[in-house]
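S.K.: Just coords_2.cif, nothing more (mmCIF, C-alpha atoms):
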data_work
loop_
_atom_site.group_PDB
_atom_site.id
_atom_site.type_symbol
_atom_site.label_atom_id
_atom_site.label_comp_id
_atom_site.auth_asym_id
_atom_site.auth_seq_id
_atom_site.Cartn_x
_atom_site.Cartn_y
_atom_site.Cartn_z
ATOM 1 C CA MET W 1113 219.779 71.847 302.372
ATOM 2 C CA LEU W 1114 218.495 75.363 301.754
ATOM 3 C CA SER W 1115 214.799 76.207 301.601
ATOM 4 C CA ILE W 1116 213.306 79.677 301.065
ATOM 5 C CA LYS W 1117 209.530 79.837 301.340
ATOM 6 C CA PRO W 1118 207.065 82.747 301.325
ATOM 7 C CA ILE W 1119 204.485 83.137 304.051
ATOM 8 C CA LYS W 1120 201.687 85.430 302.920
ATOM 9 C CA ALA W 1121 200.712 88.078 305.456
ATOM 10 C CA LEU W 1122 198.354 91.059 305.769
ATOM 11 C CA SER W 1123 196.964 92.043 302.351
ATOM 12 C CA ASP W 1124 199.987 91.557 300.104
ATOM 13 C CA ASN W 1125 203.075 91.124 302.305
ATOM 14 C CA TYR W 1126 205.599 88.326 302.185
ATOM 15 C CA ILE W 1127 207.346 87.001 305.273
ATOM 16 C CA TRP W 1128 210.309 84.930 304.103
ATOM 17 C CA LEU W 1129 211.115 81.688 305.928
ATOM 18 C CA VAL W 1130 214.671 80.486 305.329
ATOM 19 C CA THR W 1131 215.624 77.014 306.545
ATOM 20 C CA THR W 1132 218.857 75.029 306.498
ATOM 21 C CA ASN W 1133 220.041 71.972 308.402
ATOM 22 C CA GLU W 1134 221.078 74.366 311.186
ATOM 23 C CA GLY W 1135 217.697 75.999 311.772
ATOM 24 C CA SER W 1136 215.395 78.721 310.427
ATOM 25 C CA ILE W 1137 215.195 82.495 310.210
ATOM 26 C CA VAL W 1138 212.355 84.787 309.203
ATOM 27 C CA ILE W 1139 212.614 88.067 307.339
ATOM 28 C CA ASP W 1140 210.193 90.965 307.905
ATOM 29 C CA PRO W 1141 207.512 89.332 310.079
ATOM 30 C CA GLY W 1142 204.608 91.743 309.790
ATOM 31 C CA GLU W 1143 202.422 89.146 311.494
ATOM 32 C CA SER W 1144 203.229 86.528 314.106
ATOM 33 C CA LYS W 1145 200.573 83.788 314.127
ATOM 34 C CA GLN W 1146 201.882 81.585 311.329
ATOM 35 C CA ILE W 1147 205.454 81.774 312.609
ATOM 36 C CA ILE W 1148 204.389 80.996 316.196
ATOM 37 C CA ASP W 1149 202.356 78.016 314.980
ATOM 38 C CA LEU W 1150 205.461 76.654 313.235
ATOM 39 C CA ILE W 1151 207.550 77.153 316.381
ATOM 40 C CA LYS W 1152 204.960 75.557 318.694
ATOM 41 C CA SER W 1153 204.547 72.539 316.418
ATOM 42 C CA ASN W 1154 208.336 72.105 316.247
ATOM 43 C CA LYS W 1155 208.251 72.459 312.482
ATOM 44 C CA ILE W 1156 210.963 75.116 312.648
ATOM 45 C CA ASP W 1157 213.826 75.829 315.009
ATOM 46 C CA LEU W 1158 213.889 79.612 314.862
ATOM 47 C CA GLU W 1159 217.410 81.018 315.197
ATOM 48 C CA GLY W 1160 216.973 84.660 314.189
ATOM 49 C CA ILE W 1161 214.840 87.445 312.719
ATOM 50 C CA LEU W 1162 215.945 89.893 310.020
ATOM 51 C CA ILE W 1163 214.142 93.165 309.277
ATOM 52 C CA THR W 1164 214.771 95.491 306.358
ATOM 53 C CA HIS W 1165 213.121 98.656 307.719
ATOM 54 C CA HIS W 1166 210.867 99.967 310.450
ATOM 55 C CA HIS W 1167 207.401 99.946 308.816
ATOM 56 C CA TYR W 1168 204.865 98.073 310.940
ATOM 57 C CA ASP W 1169 203.915 95.646 308.166
ATOM 58 C CA HIS W 1170 207.491 94.322 308.347
ATOM 59 C CA THR W 1171 207.955 94.418 312.124
ATOM 60 C CA ASN W 1172 204.561 94.042 313.802
ATOM 61 C CA GLY W 1173 204.970 90.346 314.587
ATOM 62 C CA ILE W 1174 208.390 90.496 316.239
ATOM 63 C CA GLU W 1175 207.360 91.011 319.878
ATOM 64 C CA GLU W 1176 204.858 88.138 319.874
ATOM 65 C CA ILE W 1177 207.339 85.794 318.192
ATOM 66 C CA LEU W 1178 209.980 86.601 320.810
ATOM 67 C CA LYS W 1179 207.602 85.507 323.565
ATOM 68 C CA TYR W 1180 207.875 81.975 322.183
ATOM 69 C CA LYS W 1181 211.534 81.965 321.150
ATOM 70 C CA LYS W 1182 214.177 84.444 322.258
ATOM 71 C CA VAL W 1183 216.457 85.071 319.284
ATOM 72 C CA GLU W 1184 218.608 87.874 317.950
ATOM 73 C CA VAL W 1185 216.847 90.425 315.753
ATOM 74 C CA TYR W 1186 219.040 91.931 313.031
ATOM 75 C CA GLY W 1187 218.027 95.284 311.591
ATOM 76 C CA PRO W 1188 219.122 98.844 310.805
ATOM 77 C CA LYS W 1189 219.455 101.696 313.248
ATOM 78 C CA ASN W 1190 215.899 102.906 313.808
ATOM 79 C CA ASN W 1191 213.149 103.150 316.420
ATOM 80 C CA VAL W 1192 212.312 99.423 316.544
ATOM 81 C CA ASN W 1193 213.221 98.444 320.102
ATOM 82 C CA SER W 1194 213.129 94.721 319.310
ATOM 83 C CA VAL W 1195 216.285 94.987 317.184
ATOM 84 C CA THR W 1196 219.186 93.538 319.182
ATOM 85 C CA LYS W 1197 221.843 93.565 316.437
ATOM 86 C CA ARG W 1198 222.110 96.919 314.641
ATOM 87 C CA VAL W 1199 223.772 96.429 311.275
ATOM 88 C CA LYS W 1200 224.985 98.770 308.526
ATOM 89 C CA GLN W 1201 226.549 98.830 305.033
ATOM 90 C CA ASN W 1202 229.139 96.060 304.491
ATOM 91 C CA ASP W 1203 228.501 94.357 307.841
ATOM 92 C CA VAL W 1204 228.693 90.576 307.537
ATOM 93 C CA PHE W 1205 227.199 88.008 309.904
ATOM 94 C CA ASN W 1206 226.443 84.283 309.944
ATOM 95 C CA LEU W 1207 223.141 82.613 310.747
ATOM 96 C CA ILE W 1208 221.994 79.007 310.236
ATOM 97 C CA GLY W 1209 225.145 78.299 308.255
ATOM 98 C CA LEU W 1210 224.604 81.191 305.835
ATOM 99 C CA LYS W 1211 226.716 84.326 305.508
ATOM 100 C CA PHE W 1212 224.770 87.550 305.022
ATOM 101 C CA GLU W 1213 226.115 90.887 303.820
ATOM 102 C CA VAL W 1214 224.237 94.097 304.633
ATOM 103 C CA ILE W 1215 223.538 96.578 301.833
ATOM 104 C CA GLU W 1216 222.114 99.972 302.781
ATOM 105 C CA THR W 1217 219.280 100.888 300.385
ATOM 106 C CA PRO W 1218 217.672 104.167 301.508
ATOM 107 C CA GLY W 1219 214.809 105.628 299.530
ATOM 108 C CA HIS W 1220 211.628 103.885 300.623
ATOM 109 C CA THR W 1221 212.743 104.726 304.167
ATOM 110 C CA LEU W 1222 215.962 106.287 305.391
ATOM 111 C CA ASP W 1223 216.877 103.198 307.437
ATOM 112 C CA HIS W 1224 216.229 100.628 304.701
ATOM 113 C CA ILE W 1225 218.693 97.775 304.253
ATOM 114 C CA ALA W 1226 218.855 94.559 302.226
ATOM 115 C CA PHE W 1227 220.415 91.220 303.116
ATOM 116 C CA TYR W 1228 222.538 89.469 300.477
ATOM 117 C CA SER W 1229 223.944 85.957 300.587
ATOM 118 C CA PHE W 1230 225.980 83.812 298.229
ATOM 119 C CA GLU W 1231 226.191 80.150 299.201
ATOM 120 C CA ASP W 1232 227.034 77.027 297.205
ATOM 121 C CA GLY W 1233 226.783 78.870 293.906
ATOM 122 C CA LYS W 1234 223.411 80.390 294.807
ATOM 123 C CA SER W 1235 223.038 84.155 295.038
ATOM 124 C CA PHE W 1236 219.992 85.576 296.788
ATOM 125 C CA LEU W 1237 218.787 88.906 298.133
ATOM 126 C CA PHE W 1238 216.093 89.913 300.604
ATOM 127 C CA CYS W 1239 215.370 93.470 299.526
ATOM 128 C CA GLY W 1240 212.260 94.435 301.516
ATOM 129 C CA ASP W 1241 210.491 97.334 299.804
ATOM 130 C CA THR W 1242 213.335 98.554 297.598
ATOM 131 C CA LEU W 1243 212.929 96.373 294.510
ATOM 132 C CA PHE W 1244 209.927 94.478 293.128
ATOM 133 C CA SER W 1245 209.050 92.551 290.016
ATOM 134 C CA GLY W 1246 208.463 95.334 287.517
ATOM 135 C CA GLY W 1247 209.109 98.262 289.822
ATOM 136 C CA CYS W 1248 210.649 99.763 292.936
ATOM 137 C CA GLY W 1249 209.281 100.864 296.287
ATOM 138 C CA ARG W 1250 207.538 104.127 296.965
ATOM 139 C CA VAL W 1251 209.781 106.919 298.164
ATOM 140 C CA PHE W 1252 208.439 107.927 301.577
ATOM 141 C CA GLU W 1253 211.293 109.230 303.727
ATOM 142 C CA GLY W 1254 214.236 109.323 301.361
ATOM 143 C CA THR W 1255 214.757 111.017 298.010
ATOM 144 C CA TYR W 1256 214.450 109.785 294.455
ATOM 145 C CA SER W 1257 218.206 110.163 294.099
ATOM 146 C CA GLN W 1258 218.717 107.883 297.075
ATOM 147 C CA MET W 1259 216.373 105.285 295.614
ATOM 148 C CA TYR W 1260 218.183 105.460 292.270
ATOM 149 C CA GLU W 1261 221.565 104.959 293.961
ATOM 150 C CA SER W 1262 220.166 102.064 295.977
ATOM 151 C CA LEU W 1263 218.910 100.358 292.838
ATOM 152 C CA LYS W 1264 222.312 100.905 291.219
ATOM 153 C CA LYS W 1265 223.914 99.068 294.132
ATOM 154 C CA LEU W 1266 221.596 96.118 293.682
ATOM 155 C CA SER W 1267 222.159 96.067 289.923
ATOM 156 C CA LYS W 1268 225.822 95.202 290.555
ATOM 157 C CA LEU W 1269 224.927 91.861 292.127
ATOM 158 C CA PRO W 1270 225.278 88.718 289.970
ATOM 159 C CA GLU W 1271 222.678 88.509 287.201
ATOM 160 C CA ASP W 1272 221.364 85.181 288.480
ATOM 161 C CA THR W 1273 220.640 86.580 291.956
ATOM 162 C CA GLN W 1274 217.232 85.455 293.214
ATOM 163 C CA ILE W 1275 215.237 88.416 294.512
ATOM 164 C CA PHE W 1276 212.902 88.038 297.490
ATOM 165 C CA CYS W 1277 210.848 91.217 297.953
ATOM 166 C CA GLY W 1278 208.450 92.318 300.668
ATOM 167 C CA HIS W 1279 205.157 92.536 298.750
ATOM 168 C CA GLU W 1280 203.305 90.998 295.828
ATOM 169 C CA TYR W 1281 203.070 93.957 293.453
ATOM 170 C CA THR W 1282 203.768 92.188 290.158
ATOM 171 C CA GLU W 1283 200.341 92.621 288.591
ATOM 172 C CA SER W 1284 199.875 96.247 289.623
ATOM 173 C CA ASN W 1285 203.383 97.121 288.415
ATOM 174 C CA ALA W 1286 202.775 95.428 285.065
ATOM 175 C CA ASN W 1287 199.459 97.215 284.605
ATOM 176 C CA PHE W 1288 201.158 100.531 285.339
ATOM 177 C CA ALA W 1289 204.013 99.835 282.924
ATOM 178 C CA LYS W 1290 201.779 98.796 280.039
ATOM 179 C CA LYS W 1291 200.271 102.288 279.943
ATOM 180 C CA PHE W 1292 203.645 103.529 278.765
ATOM 181 C CA ASP W 1293 205.106 100.653 276.739
ATOM 182 C CA MET W 1294 202.533 98.160 275.544
ATOM 183 C CA LYS W 1295 204.761 97.177 272.616
ATOM 184 C CA CYS W 1296 207.475 95.684 274.834
ATOM 185 C CA PRO W 1297 207.465 91.889 274.218
ATOM 186 C CA LEU W 1298 208.857 91.112 277.676
ATOM 187 C CA LEU W 1299 206.095 93.137 279.310
ATOM 188 C CA LYS W 1300 203.427 91.423 277.209
ATOM 189 C CA GLN W 1301 204.766 88.024 278.237
ATOM 190 C CA LYS W 1302 204.875 89.050 281.905
ATOM 191 C CA ILE W 1303 201.199 90.047 281.817
ATOM 192 C CA LEU W 1304 200.289 86.733 280.183
ATOM 193 C CA ASP W 1305 202.269 84.864 282.834
ATOM 194 C CA ILE W 1306 200.464 86.727 285.614
ATOM 195 C CA LYS W 1307 197.046 85.900 284.155
ATOM 196 C CA PHE W 1308 198.027 82.242 283.749
ATOM 197 C CA LYS W 1309 199.210 81.951 287.356
ATOM 198 C CA ARG W 1310 196.064 83.652 288.659
ATOM 199 C CA ARG W 1311 193.822 81.285 286.681
ATOM 200 C CA ASN W 1312 195.718 78.321 288.099
ATOM 201 C CA ASN W 1313 195.951 79.764 291.638
ATOM 202 C CA LYS W 1314 199.756 79.627 291.644
#
Would you give me this structure, written as structure tokens?

M.R.:
Amino acid sequence: MLSIKPIKALSDNYIWLVTTNEGSIVIDPGESKQIIDLIKSNKIDLEGILITHHHYDHTNGIEEILKYKKVEVYGPKNNVNSVTKRVKQNDVFNLIGLKFEVIETPGHTLDHIAFYSFEDGKSFLFCGDTLFSGGCGRVFEGTYSQMYESLKKLSKLPEDTQIFCGHEYTESNANFAKKFDMKCPLLKQKILDIKFKRRNNK
């Protein structure tokens, strides 16, 4: 059994909760309360935390979570003291019965990484703030060339890879894109889909 569920946090962040028969992990916990509530109620057996980069809205909940459950924290080399397992390009590790491969994706930040897994015919990627529906992350510390190369890396993954990003930017990205290419049928359909989901609170 594999379950991947979003936990909404802050204004538009996603914390990803991944659960298998062997336990749960969380990716980029910018807040702690909802995760701690799940731990305290025994609804999850937390076995690890993954972070994609050092920004507070992806790491701010780690210390509080660790007070309730001591687990390994996987992340890139940076200034986040909570990281206990420093990982880099092509590193592979196993958690809750899943194998994860590390892909370095600098651009948004210099330390940015993504976590890729392929299990039972399912390909999925936790890409933090590198790739979004309809756009990519802002370039803060890296360069545009680095971001471009990072996106090229991700484009080589299987076409059916499920992408789990760090924020809900779909509507703002679509509104930006339509200023430049309103004739694109795929973009028109995306905007209609967004409006439909918002009307139906999905």

S.K.: If the PyMOL selection byres ((chain W and resi 1222-1224) around 10) is run on the structure shown, which residues does it catch, given as number ranges by chain?

M.R.: W: 1163-1167, 1187-1191, 1200, 1215-1221, 1225-1226, 1239-1242, 1251-1255, 1258-1259, 1262

S.K.: Print the selection's residues with C-alpha atoms to a file, as a PDB file, keeping the file's coordinate frame.

M.R.:
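Result went into selection.pdb, see below:
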ATOM      1  CA  ILE W1163     214.142  93.165 309.277  1.00  0.00           C
ATOM      2  CA  THR W1164     214.771  95.491 306.358  1.00  0.00           C
ATOM      3  CA  HIS W1165     213.121  98.656 307.719  1.00  0.00           C
ATOM      4  CA  HIS W1166     210.867  99.967 310.450  1.00  0.00           C
ATOM      5  CA  HIS W1167     207.401  99.946 308.816  1.00  0.00           C
ATOM      6  CA  GLY W1187     218.027  95.284 311.591  1.00  0.00           C
ATOM      7  CA  PRO W1188     219.122  98.844 310.805  1.00  0.00           C
ATOM      8  CA  LYS W1189     219.455 101.696 313.248  1.00  0.00           C
ATOM      9  CA  ASN W1190     215.899 102.906 313.808  1.00  0.00           C
ATOM     10  CA  ASN W1191     213.149 103.150 316.420  1.00  0.00           C
ATOM     11  CA  LYS W1200     224.985  98.770 308.526  1.00  0.00           C
ATOM     12  CA  ILE W1215     223.538  96.578 301.833  1.00  0.00           C
ATOM     13  CA  GLU W1216     222.114  99.972 302.781  1.00  0.00           C
ATOM     14  CA  THR W1217     219.280 100.888 300.385  1.00  0.00           C
ATOM     15  CA  PRO W1218     217.672 104.167 301.508  1.00  0.00           C
ATOM     16  CA  GLY W1219     214.809 105.628 299.530  1.00  0.00           C
ATOM     17  CA  HIS W1220     211.628 103.885 300.623  1.00  0.00           C
ATOM     18  CA  THR W1221     212.743 104.726 304.167  1.00  0.00           C
ATOM     19  CA  ILE W1225     218.693  97.775 304.253  1.00  0.00           C
ATOM     20  CA  ALA W1226     218.855  94.559 302.226  1.00  0.00           C
ATOM     21  CA  CYS W1239     215.370  93.470 299.526  1.00  0.00           C
ATOM     22  CA  GLY W1240     212.260  94.435 301.516  1.00  0.00           C
ATOM     23  CA  ASP W1241     210.491  97.334 299.804  1.00  0.00           C
ATOM     24  CA  THR W1242     213.335  98.554 297.598  1.00  0.00           C
ATOM     25  CA  VAL W1251     209.781 106.919 298.164  1.00  0.00           C
ATOM     26  CA  PHE W1252     208.439 107.927 301.577  1.00  0.00           C
ATOM     27  CA  GLU W1253     211.293 109.230 303.727  1.00  0.00           C
ATOM     28  CA  GLY W1254     214.236 109.323 301.361  1.00  0.00           C
ATOM     29  CA  THR W1255     214.757 111.017 298.010  1.00  0.00           C
ATOM     30  CA  GLN W1258     218.717 107.883 297.075  1.00  0.00           C
ATOM     31  CA  MET W1259     216.373 105.285 295.614  1.00  0.00           C
ATOM     32  CA  SER W1262     220.166 102.064 295.977  1.00  0.00           C
TER      33      SER W1262
END

S.K.: Translate the PyMOL selection byres ((chain W and resi 1138-1151) around 10), as applied to the file shown, into an explicit residue set as a VMD selection string.

M.R.: chain W and resid 1116 to 1122 1125 to 1131 1136 to 1137 1152 to 1181 1185 to 1187 1227 1238 to 1240 1276 to 1278

S.K.: At what distance in Å, to one decimal, does atom CA of His1279 of chain W lie from atom CA of Gly1249 of chain W?

M.R.: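 Calculated distance between atom CA of Gly1249 of chain W and atom CA of His1279 of chain W is 9.6 Å.
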
S.K.: Find the distance between atom CA of Thr1132 of chain W and atom CA of Asp1232 of chain W and write it in Å to one decimal.

M.R.: 12.5 Å

S.K.: Can you spell out as a ChimeraX atom specification the set of residues that the PyMOL selection byres ((chain W and resi 1264-1275) around 6) selects in the structure I just provided?

M.R.: /W:1235-1237,1261-1263,1276

S.K.: Mind writing the picked residues with C-alpha atoms as an mmCIF file, in the coordinates of the input?

M.R.:
data_model
loop_
_atom_site.group_PDB
_atom_site.id
_atom_site.type_symbol
_atom_site.label_atom_id
_atom_site.label_comp_id
_atom_site.auth_asym_id
_atom_site.auth_seq_id
_atom_site.Cartn_x
_atom_site.Cartn_y
_atom_site.Cartn_z
ATOM 1 C CA SER W 1235 223.038 84.155 295.038
ATOM 2 C CA PHE W 1236 219.992 85.576 296.788
ATOM 3 C CA LEU W 1237 218.787 88.906 298.133
ATOM 4 C CA GLU W 1261 221.565 104.959 293.961
ATOM 5 C CA SER W 1262 220.166 102.064 295.977
ATOM 6 C CA LEU W 1263 218.910 100.358 292.838
ATOM 7 C CA PHE W 1276 212.902 88.038 297.490
#

S.K.: If you measure from atom CA of Glu1231 of chain W to atom CA of Leu1210 of chain W, what distance in Å do you get, rounded to one decimal?

M.R.: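 Between these atoms lies a distance of 6.9 Å.
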
S.K.: Let me make sure I understand: among W:Thr1282, W:Ser1123, W:Gln1201, W:Asn1206, which one has the smallest atom-to-atom distance to Gly1247 of chain W if we use all atoms listed in the file?

M.R.: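 Once distances to Gly1247 of chain W are computed over all atoms listed in the file, the minimum belongs to W:Thr1282.
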
S.K.: From the options W:Ser1229, W:Asn1202, W:Ser1245, W:Thr1196, which residue's atoms come nearest to Ala1289 of chain W, counting only C-alpha atoms?

M.R.: W:Ser1245
